[in-house]
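To keep things clear, I will list the structure first and then write my remarks on it.
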Amino acid sequence: MKVLLYSGDLRFIKHSGLGKAVEHQKTALASAGVIYTTDPADTYDIIHMNTYFPKSVIFAKKNET
């Protein structure tokens with residue numbers, strides 16, 4: 001299983017609590033041995049949406065199954 005940590009427009013929230021949560025998620029997944037990517041062009045099995053900007057909504061709708 002490979003998780004996509006989607007954080008579109010992360011530059012806007014990098015220093016906020018949400019930005020810090022992304023770093024915590026990376027650490028937690030790595031310590032649990034779960035493979036993850038932050039590149040939406042990569043392959044993945046699960047998407048974890050971290051941001052709520054218009055780009056995120058478009059990405060989520062595009063990836064609905």
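Identifiers in the structure tokens: chain A, B, ... in order shown; residue index from 1 per chain; ligand index from 1 in order shown.
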Do you know which residues are at most 12 Å from Leu5 (chain A) counting only C-alpha atoms, after dropping those on the same chain fewer than 5 positions away, and could you put them as a VMD selection string?
chain A and resid 10 19 21 to 27 29 34 to 51 56
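Those residues in chain A carrying a DSSP assignment of helix (DSSP H, G or I), computed from the backbone, are A:Leu10, A:Arg11, A:Phe12, A:Gly17, A:Leu18, A:Gly19, A:Lys20, A:Ala21, A:Val22, A:Glu23, A:His24, A:Gln25, A:Lys26, A:Thr27, A:Ala28, A:Leu29, A:Ala30, A:Ser31, A:Pro54, A:Lys55, A:Ser56, A:Val57, A:Ile58, A:Phe59, A:Ala60, A:Lys61, A:Lys62.
We find CA of Leu18 (chain A) and CA of Met1 (chain A) to be spaced 24.0 Å apart.
The interatomic distance for the pair CA of Lys55 (chain A) and CA of Ala28 (chain A) works out to 25.5 Å.
Interatomic distance, CA of Ala60 (chain A) against CA of Gly8 (chain A): 10.8 Å.
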Please report, as a ChimeraX atom specification, each residue of chain A to which DSSP assigns strand (DSSP E) when run on this structure's backbone.
/A:2-6,35-37,46-49
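Using only C-alpha atoms, the smallest distance between any of A:Lys2, A:Ser7, A:Ile13, A:Ser31 and Phe59 (chain A) comes from A:Ser7.
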For Ala30 (chain A), the nearest of the candidates A:Ser16, A:Phe53, A:Val3, A:Arg11, counting only C-alpha atoms
A:Val3
